[in-house]
Every structure is written in structure tokens, then in C-alpha cells.
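A.B. asks: Dumping the structure here so I can ask a few things about it.
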Amino acid sequence: MNEKKKILELDDKYIWHPYSQKKNEADPLIVVSGEDDKIFDIDGNQYYDLISSWWVTTHGHCNKKISAAIKNQLKKLEQIIFSGFTHAPAVKLAELLTSKLPRDISRVFYSDNGSTSVEIALKVAYQYWYNQGEKQRKKFLAIQGGYHGDTLGAMSVGFSSGFYKPFADMVIKNEFFPCPFTWEGDNEIFEKEKNSLEATDLLLDQIENEVAAVIIEPLVLGASGMKIYRADYLDKLVKKIKKRKILVIFDEVLTGFGRTGKMFATDHLDSNPDIICLAKGLTAGYIPLAATIFSEHIHKQFVNDDFSKTFLHGHSFTANPISCAAAIASMEIFDEEKTLEKVKLQESCHKEGLEFLKENSKVSRIRNIGGIAAFDVMGHKDEYGSELGNKLRNIFLKKGLIIRPLGNTLYLMPPYCTKKEILENVYLEIDKELKRN
Ligand SMILES: *Cc1c(COP(=O)(O)O)cnc(C)c1O
């Protein structure tokens with residue numbers, strides 16, 4: 001039996017894929033290798049990875065420096081318990097990360113995926129108040145439509161994203177506030193922002209003393225359709241929340257590491273959160289690693305002779321040395337190759353491409369920030385797993401382009417090494433296929 005057939009048979013028999021309905025899904029693509037902005041399938045076909053392999057790949061696939069860093073670390077130490085033990089890659093990475101974050105956000109708790117980094121943020125925020133005797137602060141506030149991962153706590157603050165209907169009775173009930181999304185040519189934005197801030201204030205007036213923290217995907221709501229909102233509004237929102245002493249968590253799992261044109265989304269603001277969650281791009285997309293980084297005043301509430309004030313939480317692979325080595329190499333590349341300038345170039349390519357698409361009657365609600373570009377396709381239902389999404393996905397795949405619409409939202413988020421010519425061609429292809437379908 002040929003290898004391709006064998007892999008597909010075994011996959012069909014044994015594998016349960018994430019976010020996939022087996023019943024009517026086409027055979028998965030068998031990927032054998034990657035290089036920069038491309039991946040190659042088992043038949044030798046080439047594809048441009050325009051979604052950064054589910055938003056994780058920053059510097060491109062199989063980058064030499066990161067691969068070498070991983071190999072070097074492997075020669076020394078592959079894993080060590082992180083309670084009572086430490087190692088150079090973990091502390092070096094913590095120093096590098098905190099040097100790029102707002103000054104006070106400097107206490108790093110490692111884990112291994114975005115959802116878990118969120119769970120840790122929520123649990124610490126909760127216990128922060130508990131340790132101070134404010135046991136009534138049991139609620140979290142989150143943006144309507146926000147997504148924070150698929151574990152229980154993360155679902156409970158992302159419930160309004162619409163992915164979790166079967167679990168309605170299982171999750172903790174939290175409160176959600178409206179967010180004023182915007183797009184090109186939106187002339188109601190200031191009114192929307194004013195209304196949102198007022199609604200949030202009203203909500204907070206009622207439940208202020210029950211709220212432990214507010215969790216926010218800053219500037220971009222990824223999974224619910226690359227919805228973008230303005231930094232100026234977020235700044236006002238954060239200031240309002242902090243005035244009430246409620247903790248602010250930024251879930252930068254997607255926005256971290258250059259996606260919005262700055263190293264972190266928080267860099268677009270005047271104000272700062274108290275907690276930042278990082279994962280996806282942390283190791284440039286090479287190995288699982290996450291970090292939840294806390295303001296020192298939060299950490300202080302856990303340093304005590306009373307053992308019951310300890311944060312009793314940990315994971316087997318906390319601060320895995322190989323993952324940390326990959327992340328350090330990635331951070332060094334940002335400096336050595338001036339990666340943020342590459343993102344700026346990518347942003348201007350997106351702006352040109354989107355300008356061109358404006359003429360297309362199927363294109364609406366055009367939006368862009370940093371390396372992320374998105375628009376909605378007119379005349380189709382806004383549903384995850386919609387027919388249109390699957391159809392377009394397959395059409396682009398045949399053309400060697402990996403694009404996976406979210407409902408009726410088509411977006412691009414390529415690795416930062418993707419060249420201008422490639423993106424120009426992608427926009428031409430999108431225009432052509434939207435006119436045809
Ligand atoms: C992807 C994502 C998560 C979850 O990260 P996983 O590593 O998939 O668990 C959390 N928050 C945001 C904003 C994300 O985009």
C-alpha cells in the first residue's frame with residue numbers, strides 16, 4: 001500500500017481532530033515539511049501558510065536559528081521538575097519577556113498552552129482577593145464574543161463566543177459587556193464606543209464588589225472573526241476598570257509577539273493591564289509553551305508565612321527547557337532581524353491589498369491591524385463551519401494557499417517572512433475567487 005493511503009487510513013481509524021466534524025470533512029492534507037512561509041504535502045505540492053498554522057508561526061517554518069537552539073538545548077537537558085528547581089533558559093526567557101513588557105509586569109508563571117495561561121490568570125485573580133479576605137469576588141467580566149480557550153475556566157469567560165452550547169450548565173456564570181468593533185468607513189464608531197463604555201459602567205455599578213477581574217482580548221477578537229476595536233477605547237476602558245481596583249487581564253495569546261504591529265497589544269496603550277497571558281507566538285510556533293505574567297503587587301499577596309496563601313498550581317511540563325530555549329531564540333530574532341519592521345511592511349501590503357478589494361461587491365467591513373487583515377463576505381451566513389467557509393477553503397487550497405475563513409470572515413495572518421509579491425498575488429486570487437463564487 002502506498003504511504004499516503006496508509007496514513008489516511010490510520011488517520012481515519014484512530015485520530016480525532018480538533019474543531020472538525022468528521023461526517024463531511026474532506027481528507028486532511030498530509031504535511032511533510034515546512035520552509036519559511038511555505039509547507040509541503042506528501043505529493044510534493046507547495047502551499048503558502050497564510051494563517052501561520054493556526055496563528056502560532058511568527059518567523060516562518062523551520063527557521064535555522066530556532067531549530068539550532070532546540071538541538072543545542074537537547075544536548076544538555078530535556079526536562080526538569082520546576083518546583084524547587086530552576087534553569088538558565090527559564091530565567092533568561094523571563095528576563096527577556098519582562099524587559100519588553102510594562103515595567104511592573106514582571107512575575108512569570110510558565111505553563112504550556114493558551115487556555116492554561118488563561119486558567120492561571122483567572123485562578124490567581126480569584127485567589128488574590130481570597131487571600132485578602134474579599135471572598136465575595138467570584139465573578140469575571142469579559143467582552144461579548146471574546147475567546148480565551150477551550151478548558152472550563154476559559155470557556156466560562158468566553159462563553160458568549162458561541163462555541164460552547166453543550167456546556168451551558170457546566171460553566172461558571174460570568175458577565176459580558178459589549179465591545180465597539182470597527183472597520184473601514186465606519187462612521188458610527190464614536191457613538192458605539194460611548195455607548196459601550198456607558199453600558200460597562202452601569203454593569204460595574206451593580207456588581208463592582210463581586211468582580212475579581214476583567215479579561216480582555218486586546219484590540220483584536222480572534223476566534224470570533226478577527227473583530228478589531230480601537231486602542232483609544234480600550235485605554236479608556238482599562239482606566240475605568242482600574243479606578244475601581246478590579247484586576248485587568250490581557251489575553252495576548254494571539255496578539256503577542258508582533259501581530260498587531262507592536263511587540264504586544266498593550267504597547268498601543270497609555271494604561272497597562274495587571275496580568276498578561278502569552279502562548280501561541282511565544283516559541284515562534286515551534287513547541288508548546290505559555291506564560292502568564294503578573295504585576296508584582298499581585299504576586300506579593302501570595303508571599304506569606306501562611307501556607308494556605310500559596311498558589312497551589314503547576315503542570316508537569318512547566319518551563320520545559322527546550323521550549324524556553326526556542327522562545328529565547330525567537331526573542332533574539334525580533335531584535336537581530338528587526339522583525340517588527342517586517343510586520344510594518346506586511347501591514348502596508350495588507351492596506352494596499354484591502355484597498356484593491358474595496359471595489360469587489362462581495363467585500364465588506366474591511367479591517368486591518370499589523371499583520372492581520374480581514375473582511376466579511378457579503379450575502380452569507382455568519383456561522384462557524386458555514387458552507388461558504390469550507391468551499392472557499394478548498395478552492396484556495398487547490399491554488400496552494402492556506403486560507404480558512406471564520407464563518408463569513410476571510411482573514412490573512414501570514415508569518416512575518418512572507419514576501420510582498422506573495423501577498424499581492426494572494427489578494428488578486430481572493431478578488432478573482434470571490435467574483436466567481
Ligand atoms: C488560541 C487562543 C487561546 C487558547 O490557546 P490554546 O493554546 O489553543 O489553548 C486563548 N486566547 C486567545 C486569544 C487565543 O487566540
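Ordering of the C-alpha cells sets the chain letters (A, B, ...), residue numbers begin anew at 1 in every chain, and ligands are numbered from 1 in the order given.
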Just want the 9 Å neighbourhood of A:Phe264, counted on only C-alpha atoms, with same-chain residues fewer than 5 positions away dropped. Output as number ranges by chain.
C.D. replies: A: 100-101, 252, 255-259
A.B. asks: Any chance you can output those residues with all heavy atoms as an mmCIF file, in the first residue's frame?
C.D. replies:
```
data_model
loop_
_atom_site.group_PDB
_atom_site.id
_atom_site.type_symbol
_atom_site.label_atom_id
_atom_site.label_comp_id
_atom_site.auth_asym_id
_atom_site.auth_seq_id
_atom_site.Cartn_x
_atom_site.Cartn_y
_atom_site.Cartn_z
ATOM 1 N N LYS A 100 10.476 43.526 27.846
ATOM 2 C CA LYS A 100 9.660 44.081 26.746
ATOM 3 C C LYS A 100 8.244 44.440 27.205
ATOM 4 O O LYS A 100 7.442 44.916 26.417
ATOM 5 C CB LYS A 100 9.525 43.043 25.620
ATOM 6 C CG LYS A 100 10.838 42.531 25.084
ATOM 7 C CD LYS A 100 11.135 43.138 23.735
ATOM 8 C CE LYS A 100 12.432 42.580 23.180
ATOM 9 N NZ LYS A 100 13.185 43.569 22.419
ATOM 10 N N LEU A 101 7.928 44.156 28.459
ATOM 11 C CA LEU A 101 6.571 44.406 28.966
ATOM 12 C C LEU A 101 6.561 45.649 29.851
ATOM 13 O O LEU A 101 7.615 46.105 30.299
ATOM 14 C CB LEU A 101 6.090 43.190 29.766
ATOM 15 C CG LEU A 101 5.688 41.979 28.925
ATOM 16 C CD1 LEU A 101 5.526 40.746 29.801
ATOM 17 C CD2 LEU A 101 4.406 42.257 28.152
ATOM 18 N N GLU A 252 -3.200 38.027 25.638
ATOM 19 C CA GLU A 252 -2.414 38.342 24.435
ATOM 20 C C GLU A 252 -1.910 37.057 23.772
ATOM 21 O O GLU A 252 -0.861 37.058 23.123
ATOM 22 C CB GLU A 252 -1.246 39.275 24.783
ATOM 23 C CG GLU A 252 -1.675 40.665 25.204
ATOM 24 C CD GLU A 252 -0.890 41.782 24.491
ATOM 25 O OE1 GLU A 252 -0.463 41.569 23.341
ATOM 26 O OE2 GLU A 252 -0.720 42.843 25.104
ATOM 27 N N THR A 255 -2.447 38.191 20.228
ATOM 28 C CA THR A 255 -1.889 39.487 19.833
ATOM 29 C C THR A 255 -0.407 39.648 20.183
ATOM 30 O O THR A 255 0.241 40.546 19.653
ATOM 31 C CB THR A 255 -2.673 40.634 20.510
ATOM 32 O OG1 THR A 255 -2.733 40.362 21.917
ATOM 33 C CG2 THR A 255 -4.074 40.750 19.948
ATOM 34 N N GLY A 256 0.119 38.788 21.048
ATOM 35 C CA GLY A 256 1.518 38.905 21.449
ATOM 36 C C GLY A 256 2.479 38.649 20.298
ATOM 37 O O GLY A 256 2.115 38.061 19.291
ATOM 38 N N PHE A 257 3.696 39.135 20.458
ATOM 39 C CA PHE A 257 4.786 38.863 19.522
ATOM 40 C C PHE A 257 4.533 39.415 18.119
ATOM 41 O O PHE A 257 4.689 38.726 17.115
ATOM 42 C CB PHE A 257 5.137 37.368 19.524
ATOM 43 C CG PHE A 257 5.441 36.900 20.913
ATOM 44 C CD1 PHE A 257 4.484 36.261 21.672
ATOM 45 C CD2 PHE A 257 6.660 37.215 21.508
ATOM 46 C CE1 PHE A 257 4.727 35.924 22.993
ATOM 47 C CE2 PHE A 257 6.927 36.881 22.825
ATOM 48 C CZ PHE A 257 5.946 36.226 23.577
ATOM 49 N N GLY A 258 4.119 40.681 18.106
ATOM 50 C CA GLY A 258 4.143 41.438 16.856
ATOM 51 C C GLY A 258 2.891 41.450 16.008
ATOM 52 O O GLY A 258 2.812 42.217 15.056
ATOM 53 N N ARG A 259 1.909 40.630 16.318
ATOM 54 C CA ARG A 259 0.754 40.523 15.412
ATOM 55 C C ARG A 259 0.074 41.855 15.138
ATOM 56 O O ARG A 259 -0.453 42.067 14.055
ATOM 57 C CB ARG A 259 -0.298 39.551 15.959
ATOM 58 C CG ARG A 259 0.037 38.100 15.835
ATOM 59 C CD ARG A 259 0.126 37.589 14.418
ATOM 60 N NE ARG A 259 0.617 36.208 14.468
ATOM 61 C CZ ARG A 259 1.269 35.590 13.492
ATOM 62 N NH1 ARG A 259 1.503 36.206 12.352
ATOM 63 N NH2 ARG A 259 1.688 34.353 13.646
#
```
A.B. asks: Which residues, written as a short mmCIF file (atom, residue, chain, number, x, y, z; two decimals) with C-alpha atoms, in the first residue's frame, have at least one atom at most 6 Å from stretch 414-429 of chain A, with only C-alpha atoms counted and residues fewer than 5 positions away on the same chain left out?
C.D. replies:
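Below is the file part_27.cif, written as the result:
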```cif
data_model
loop_
_atom_site.label_atom_id
_atom_site.label_comp_id
_atom_site.auth_asym_id
_atom_site.auth_seq_id
_atom_site.Cartn_x
_atom_site.Cartn_y
_atom_site.Cartn_z
CA ASP A 37 6.21 30.84 4.72
CA LEU A 50 -1.41 32.41 5.25
CA ILE A 51 -2.81 31.64 8.72
CA SER A 52 0.52 31.00 10.44
CA THR A 57 4.15 30.73 13.37
CA THR A 58 5.87 34.10 13.52
CA HIS A 59 9.35 33.85 11.94
CA GLY A 60 8.38 31.08 9.50
CA VAL A 343 5.37 43.45 10.34
CA GLY A 353 -4.49 44.69 -0.98
#
```
A.B. asks: For A:Val363, which residue among A:Thr409, A:Thr283, A:Asn174, A:Gln132 is the nearest when counting only C-alpha atoms?
C.D. replies: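 Answer, going by the shortest atom-to-atom distance: A:Thr409.
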A.B. asks: Which of stretch 129-368 of chain A counts as strand (DSSP E or B) under DSSP, as a compact mmCIF listing (two decimals) with all heavy atoms, in the first residue's frame please?
C.D. replies:
```txt
# COMPACT_ATOMS: atom_id res chain seq x y z
N LYS A 139 -16.75 36.73 40.48
CA LYS A 139 -17.16 36.87 39.07
C LYS A 139 -16.04 37.41 38.21
O LYS A 139 -15.17 38.13 38.68
CB LYS A 139 -18.31 37.88 38.99
CG LYS A 139 -19.66 37.30 39.29
CD LYS A 139 -20.76 38.16 38.69
CE LYS A 139 -22.04 37.39 38.67
NZ LYS A 139 -23.02 37.81 39.63
N PHE A 140 -16.15 37.07 36.94
CA PHE A 140 -15.27 37.69 35.95
C PHE A 140 -16.13 38.42 34.93
O PHE A 140 -17.27 38.03 34.66
CB PHE A 140 -14.42 36.63 35.25
CG PHE A 140 -13.42 36.02 36.18
CD1 PHE A 140 -13.72 34.85 36.88
CD2 PHE A 140 -12.21 36.64 36.40
CE1 PHE A 140 -12.81 34.30 37.77
CE2 PHE A 140 -11.29 36.10 37.29
CZ PHE A 140 -11.59 34.92 37.97
N LEU A 141 -15.54 39.46 34.39
CA LEU A 141 -16.22 40.23 33.36
C LEU A 141 -15.43 40.05 32.07
O LEU A 141 -14.19 40.05 32.11
CB LEU A 141 -16.17 41.70 33.80
CG LEU A 141 -17.30 42.62 33.39
CD1 LEU A 141 -18.61 42.10 33.94
CD2 LEU A 141 -17.03 44.03 33.91
N ALA A 142 -16.13 39.88 30.97
CA ALA A 142 -15.41 39.65 29.71
C ALA A 142 -16.16 40.29 28.55
O ALA A 142 -17.34 40.65 28.68
CB ALA A 142 -15.27 38.14 29.48
N ILE A 143 -15.47 40.43 27.45
CA ILE A 143 -16.08 41.04 26.26
C ILE A 143 -17.03 40.06 25.59
O ILE A 143 -16.71 38.88 25.45
CB ILE A 143 -14.97 41.45 25.25
CG1 ILE A 143 -14.12 42.58 25.82
CG2 ILE A 143 -15.58 41.85 23.91
CD1 ILE A 143 -13.02 43.05 24.90
N GLU A 175 -20.20 37.66 33.59
CA GLU A 175 -20.91 38.79 32.97
C GLU A 175 -20.13 39.26 31.74
O GLU A 175 -18.90 39.22 31.73
CB GLU A 175 -21.01 39.95 33.97
CG GLU A 175 -21.73 39.63 35.26
CD GLU A 175 -23.23 39.49 35.09
OE1 GLU A 175 -23.78 40.04 34.11
OE2 GLU A 175 -23.86 38.82 35.94
N PHE A 176 -20.87 39.72 30.74
CA PHE A 176 -20.23 40.16 29.50
C PHE A 176 -20.65 41.58 29.14
O PHE A 176 -21.78 41.98 29.39
CB PHE A 176 -20.59 39.20 28.37
CG PHE A 176 -20.13 37.80 28.66
CD1 PHE A 176 -20.95 36.90 29.35
CD2 PHE A 176 -18.86 37.39 28.29
CE1 PHE A 176 -20.50 35.63 29.66
CE2 PHE A 176 -18.40 36.11 28.61
CZ PHE A 176 -19.23 35.22 29.29
N PHE A 177 -19.72 42.32 28.58
CA PHE A 177 -20.06 43.70 28.18
C PHE A 177 -19.81 43.86 26.68
O PHE A 177 -18.97 43.16 26.11
CB PHE A 177 -19.26 44.71 29.01
CG PHE A 177 -17.77 44.60 28.88
CD1 PHE A 177 -17.08 45.31 27.90
CD2 PHE A 177 -17.05 43.78 29.74
CE1 PHE A 177 -15.70 45.20 27.79
CE2 PHE A 177 -15.66 43.67 29.63
CZ PHE A 177 -14.99 44.39 28.65
N THR A 182 -14.95 47.96 14.91
CA THR A 182 -14.96 48.95 13.84
C THR A 182 -14.32 48.41 12.57
O THR A 182 -13.73 47.32 12.58
CB THR A 182 -14.29 50.26 14.31
OG1 THR A 182 -14.57 51.28 13.37
CG2 THR A 182 -12.79 50.09 14.50
N VAL A 211 -16.67 41.43 41.48
CA VAL A 211 -15.82 41.11 40.33
C VAL A 211 -14.36 40.96 40.74
O VAL A 211 -13.79 41.85 41.38
CB VAL A 211 -15.95 42.19 39.24
CG1 VAL A 211 -15.05 41.87 38.05
CG2 VAL A 211 -17.41 42.32 38.79
N ALA A 212 -13.76 39.83 40.38
CA ALA A 212 -12.34 39.61 40.65
C ALA A 212 -11.49 40.28 39.58
O ALA A 212 -10.50 40.94 39.88
CB ALA A 212 -12.03 38.12 40.71
N ALA A 213 -11.89 40.09 38.32
CA ALA A 213 -11.07 40.63 37.22
C ALA A 213 -11.89 40.75 35.95
O ALA A 213 -12.93 40.13 35.80
CB ALA A 213 -9.86 39.74 36.98
N VAL A 214 -11.37 41.57 35.06
CA VAL A 214 -11.94 41.69 33.72
C VAL A 214 -10.92 41.07 32.77
O VAL A 214 -9.73 41.38 32.86
CB VAL A 214 -12.17 43.17 33.34
CG1 VAL A 214 -12.72 43.28 31.93
CG2 VAL A 214 -13.11 43.81 34.34
N ILE A 215 -11.37 40.20 31.88
CA ILE A 215 -10.44 39.60 30.92
C ILE A 215 -10.78 40.08 29.51
O ILE A 215 -11.95 40.13 29.13
CB ILE A 215 -10.40 38.06 31.02
CG1 ILE A 215 -9.36 37.50 30.03
CG2 ILE A 215 -11.77 37.41 30.84
CD1 ILE A 215 -8.95 36.08 30.30
N ILE A 216 -9.74 40.44 28.78
CA ILE A 216 -9.91 41.12 27.51
C ILE A 216 -8.93 40.58 26.46
O ILE A 216 -7.75 40.42 26.77
CB ILE A 216 -9.62 42.64 27.71
CG1 ILE A 216 -10.65 43.27 28.65
CG2 ILE A 216 -9.55 43.38 26.38
CD1 ILE A 216 -10.28 44.67 29.11
N VAL A 220 -7.94 42.94 19.19
CA VAL A 220 -8.45 42.00 18.19
C VAL A 220 -9.15 40.84 18.87
O VAL A 220 -8.56 40.17 19.72
CB VAL A 220 -7.31 41.38 17.35
CG1 VAL A 220 -7.89 40.58 16.19
CG2 VAL A 220 -6.34 42.41 16.85
N LEU A 221 -10.41 40.60 18.50
CA LEU A 221 -11.07 39.36 18.93
C LEU A 221 -10.85 38.36 17.82
O LEU A 221 -11.43 38.47 16.74
CB LEU A 221 -12.58 39.61 19.16
CG LEU A 221 -12.96 39.94 20.59
CD1 LEU A 221 -12.27 41.20 21.06
CD2 LEU A 221 -14.45 40.07 20.76
N LYS A 227 -12.34 40.47 14.82
CA LYS A 227 -13.01 41.75 15.03
C LYS A 227 -12.04 42.70 15.70
O LYS A 227 -11.35 42.31 16.65
CB LYS A 227 -14.26 41.55 15.89
CG LYS A 227 -15.31 40.73 15.16
CD LYS A 227 -16.50 40.46 16.04
CE LYS A 227 -17.59 39.77 15.25
NZ LYS A 227 -18.26 38.73 16.04
N ILE A 228 -11.99 43.92 15.20
CA ILE A 228 -10.97 44.86 15.66
C ILE A 228 -11.65 46.06 16.34
O ILE A 228 -12.73 46.48 15.92
CB ILE A 228 -10.10 45.30 14.46
CG1 ILE A 228 -9.23 44.11 14.02
CG2 ILE A 228 -9.23 46.51 14.80
CD1 ILE A 228 -8.42 44.35 12.78
N LEU A 247 -8.99 43.84 38.85
CA LEU A 247 -7.80 43.47 38.08
C LEU A 247 -8.13 43.39 36.59
O LEU A 247 -9.23 43.00 36.20
CB LEU A 247 -7.26 42.12 38.55
CG LEU A 247 -6.78 42.05 40.00
CD1 LEU A 247 -6.31 40.63 40.33
CD2 LEU A 247 -5.67 43.05 40.27
N VAL A 248 -7.15 43.74 35.77
CA VAL A 248 -7.32 43.68 34.32
C VAL A 248 -6.37 42.62 33.74
O VAL A 248 -5.16 42.69 33.96
CB VAL A 248 -7.03 45.05 33.66
CG1 VAL A 248 -7.11 44.93 32.14
CG2 VAL A 248 -8.00 46.10 34.18
N ILE A 249 -6.96 41.66 33.05
CA ILE A 249 -6.17 40.60 32.40
C ILE A 249 -6.20 40.84 30.89
O ILE A 249 -7.28 40.96 30.31
CB ILE A 249 -6.78 39.21 32.68
CG1 ILE A 249 -6.91 38.94 34.18
CG2 ILE A 249 -5.94 38.11 31.99
CD1 ILE A 249 -7.77 37.71 34.51
N PHE A 250 -5.05 40.93 30.28
CA PHE A 250 -4.99 40.96 28.81
C PHE A 250 -4.63 39.55 28.33
O PHE A 250 -3.56 39.04 28.64
CB PHE A 250 -3.92 41.94 28.32
CG PHE A 250 -4.40 43.36 28.18
CD1 PHE A 250 -5.65 43.75 28.65
CD2 PHE A 250 -3.60 44.31 27.56
CE1 PHE A 250 -6.09 45.07 28.51
CE2 PHE A 250 -4.03 45.62 27.41
CZ PHE A 250 -5.27 46.01 27.89
N ASP A 251 -5.53 38.97 27.56
CA ASP A 251 -5.23 37.69 26.92
C ASP A 251 -4.54 38.02 25.60
O ASP A 251 -5.18 38.28 24.59
CB ASP A 251 -6.53 36.91 26.70
CG ASP A 251 -6.32 35.63 25.93
OD1 ASP A 251 -5.19 35.40 25.45
OD2 ASP A 251 -7.29 34.87 25.77
N ILE A 275 -2.23 41.73 34.41
CA ILE A 275 -1.83 40.35 34.08
C ILE A 275 -1.83 40.20 32.55
O ILE A 275 -2.74 40.72 31.89
CB ILE A 275 -2.84 39.34 34.67
CG1 ILE A 275 -3.01 39.53 36.19
CG2 ILE A 275 -2.44 37.90 34.34
CD1 ILE A 275 -4.12 38.68 36.82
N ILE A 276 -0.82 39.51 32.02
CA ILE A 276 -0.78 39.27 30.57
C ILE A 276 -0.59 37.77 30.30
O ILE A 276 0.29 37.13 30.90
CB ILE A 276 0.36 40.09 29.91
CG1 ILE A 276 -0.01 41.58 29.95
CG2 ILE A 276 0.61 39.64 28.47
CD1 ILE A 276 0.98 42.48 29.24
N CYS A 277 -1.42 37.22 29.42
CA CYS A 277 -1.31 35.81 29.04
C CYS A 277 -0.64 35.70 27.67
O CYS A 277 -1.06 36.38 26.72
CB CYS A 277 -2.70 35.18 28.91
SG CYS A 277 -3.70 35.33 30.38
N LEU A 278 0.37 34.85 27.58
CA LEU A 278 1.09 34.66 26.32
C LEU A 278 1.17 33.18 25.98
O LEU A 278 1.33 32.34 26.87
CB LEU A 278 2.51 35.21 26.43
CG LEU A 278 2.66 36.71 26.77
CD1 LEU A 278 4.13 37.03 27.05
CD2 LEU A 278 2.13 37.57 25.64
N ALA A 290 3.66 28.42 27.38
CA ALA A 290 2.84 29.59 27.67
C ALA A 290 3.40 30.28 28.90
O ALA A 290 4.15 29.67 29.68
CB ALA A 290 1.39 29.17 27.92
N ALA A 291 3.04 31.54 29.06
CA ALA A 291 3.45 32.27 30.25
C ALA A 291 2.32 33.19 30.66
O ALA A 291 1.69 33.82 29.82
CB ALA A 291 4.71 33.09 29.96
N THR A 292 2.04 33.22 31.96
CA THR A 292 1.11 34.21 32.49
C THR A 292 1.97 35.13 33.34
O THR A 292 2.67 34.66 34.25
CB THR A 292 0.02 33.55 33.35
OG1 THR A 292 -0.47 32.41 32.65
CG2 THR A 292 -1.12 34.51 33.63
N ILE A 293 1.95 36.41 33.02
CA ILE A 293 2.89 37.32 33.67
C ILE A 293 2.11 38.34 34.50
O ILE A 293 1.16 38.95 34.02
CB ILE A 293 3.79 38.00 32.61
CG1 ILE A 293 4.35 36.90 31.68
CG2 ILE A 293 4.92 38.76 33.29
CD1 ILE A 293 5.34 37.36 30.67
N PHE A 294 2.54 38.45 35.75
CA PHE A 294 1.77 39.21 36.74
C PHE A 294 2.50 40.45 37.19
O PHE A 294 3.74 40.48 37.28
CB PHE A 294 1.52 38.33 37.98
CG PHE A 294 0.68 37.12 37.67
CD1 PHE A 294 1.28 35.92 37.30
CD2 PHE A 294 -0.70 37.20 37.72
CE1 PHE A 294 0.50 34.81 37.00
CE2 PHE A 294 -1.48 36.09 37.41
CZ PHE A 294 -0.87 34.90 37.05
N SER A 295 1.70 41.42 37.53
CA SER A 295 2.22 42.60 38.19
C SER A 295 2.69 42.16 39.59
O SER A 295 2.07 41.32 40.24
CB SER A 295 1.08 43.60 38.28
OG SER A 295 1.43 44.63 39.12
N VAL A 363 -17.16 42.22 -0.81
CA VAL A 363 -16.29 42.52 0.33
C VAL A 363 -16.87 43.65 1.19
O VAL A 363 -17.20 44.71 0.68
CB VAL A 363 -14.89 42.92 -0.18
CG1 VAL A 363 -14.00 43.39 0.96
CG2 VAL A 363 -14.24 41.75 -0.91
N SER A 364 -17.00 43.38 2.50
CA SER A 364 -17.48 44.45 3.39
C SER A 364 -16.73 44.42 4.71
O SER A 364 -16.04 43.46 5.03
CB SER A 364 -18.98 44.31 3.63
OG SER A 364 -19.22 43.25 4.51
N ARG A 365 -16.90 45.48 5.48
CA ARG A 365 -16.28 45.60 6.81
C ARG A 365 -14.78 45.27 6.80
O ARG A 365 -14.30 44.40 7.54
CB ARG A 365 -16.99 44.71 7.82
CG ARG A 365 -18.42 45.14 8.02
CD ARG A 365 -19.04 44.50 9.22
NE ARG A 365 -20.34 45.15 9.49
CZ ARG A 365 -21.13 44.86 10.52
NH1 ARG A 365 -20.75 43.95 11.38
NH2 ARG A 365 -22.26 45.48 10.69
N ILE A 366 -14.08 45.98 5.95
CA ILE A 366 -12.63 45.79 5.81
C ILE A 366 -11.92 46.28 7.07
O ILE A 366 -12.22 47.36 7.58
CB ILE A 366 -12.14 46.59 4.59
CG1 ILE A 366 -12.58 45.86 3.31
CG2 ILE A 366 -10.65 46.77 4.63
CD1 ILE A 366 -12.29 46.63 2.05
N ARG A 367 -10.98 45.47 7.55
CA ARG A 367 -10.23 45.86 8.76
C ARG A 367 -8.81 45.31 8.75
O ARG A 367 -8.55 44.27 8.13
CB ARG A 367 -10.98 45.41 10.01
CG ARG A 367 -11.47 43.97 9.96
CD ARG A 367 -12.74 43.80 10.81
NE ARG A 367 -13.06 42.38 10.98
CZ ARG A 367 -14.02 41.76 10.31
NH1 ARG A 367 -14.72 42.40 9.39
NH2 ARG A 367 -14.28 40.48 10.53
N ASN A 368 -7.95 46.00 9.45
CA ASN A 368 -6.53 45.62 9.45
C ASN A 368 -5.85 46.18 10.69
O ASN A 368 -6.11 47.30 11.10
CB ASN A 368 -5.88 46.16 8.16
CG ASN A 368 -4.37 46.29 8.26
OD1 ASN A 368 -3.84 47.40 8.18
ND2 ASN A 368 -3.69 45.21 8.47
```
A.B. asks: Within 9 Å of ligand 1 (counting only C-alpha atoms and all ligand atoms), which residues show up? I'd like them as JSON, numbers by chain.
C.D. replies: {"A": [54, 55, 56, 112, 113, 114, 115, 116, 117, 118, 146, 147, 148, 149, 150, 151, 154, 216, 217, 218, 220, 221, 222, 223, 250, 251, 252, 253, 254, 255, 277, 278, 279, 280, 288, 289, 290]}
A.B. asks: Find the residues around A:Tyr229 up to 8 Å (only C-alpha atoms counted), leave out those fewer than 2 positions away in its own chain, and share them as a ChimeraX atom specification.
C.D. replies: /A:179-182,219-220,227,231,233-234
A.B. asks: One decimal, in Å: what's the spacing between atom CA of A:Ser196 and atom CA of A:Ile241?
C.D. replies: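 Going from atom CA of A:Ser196 over to atom CA of A:Ile241 covers 13.3 Å.
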A.B. asks: With distances taken over only C-alpha atoms, which residue among A:Gly379, A:Gly371, A:Gly145, A:Gly84 lies nearest A:His350?
C.D. replies: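 Ranked by minimum distance to A:His350, first place goes to A:Gly371.
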A.B. asks: I'd like to know which of A:Ile369, A:Leu197, A:Ile322, A:Met155 is closest to A:Ile66, using only C-alpha atoms.
C.D. replies: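 Under the stated criterion, the closest residue is A:Ile322.
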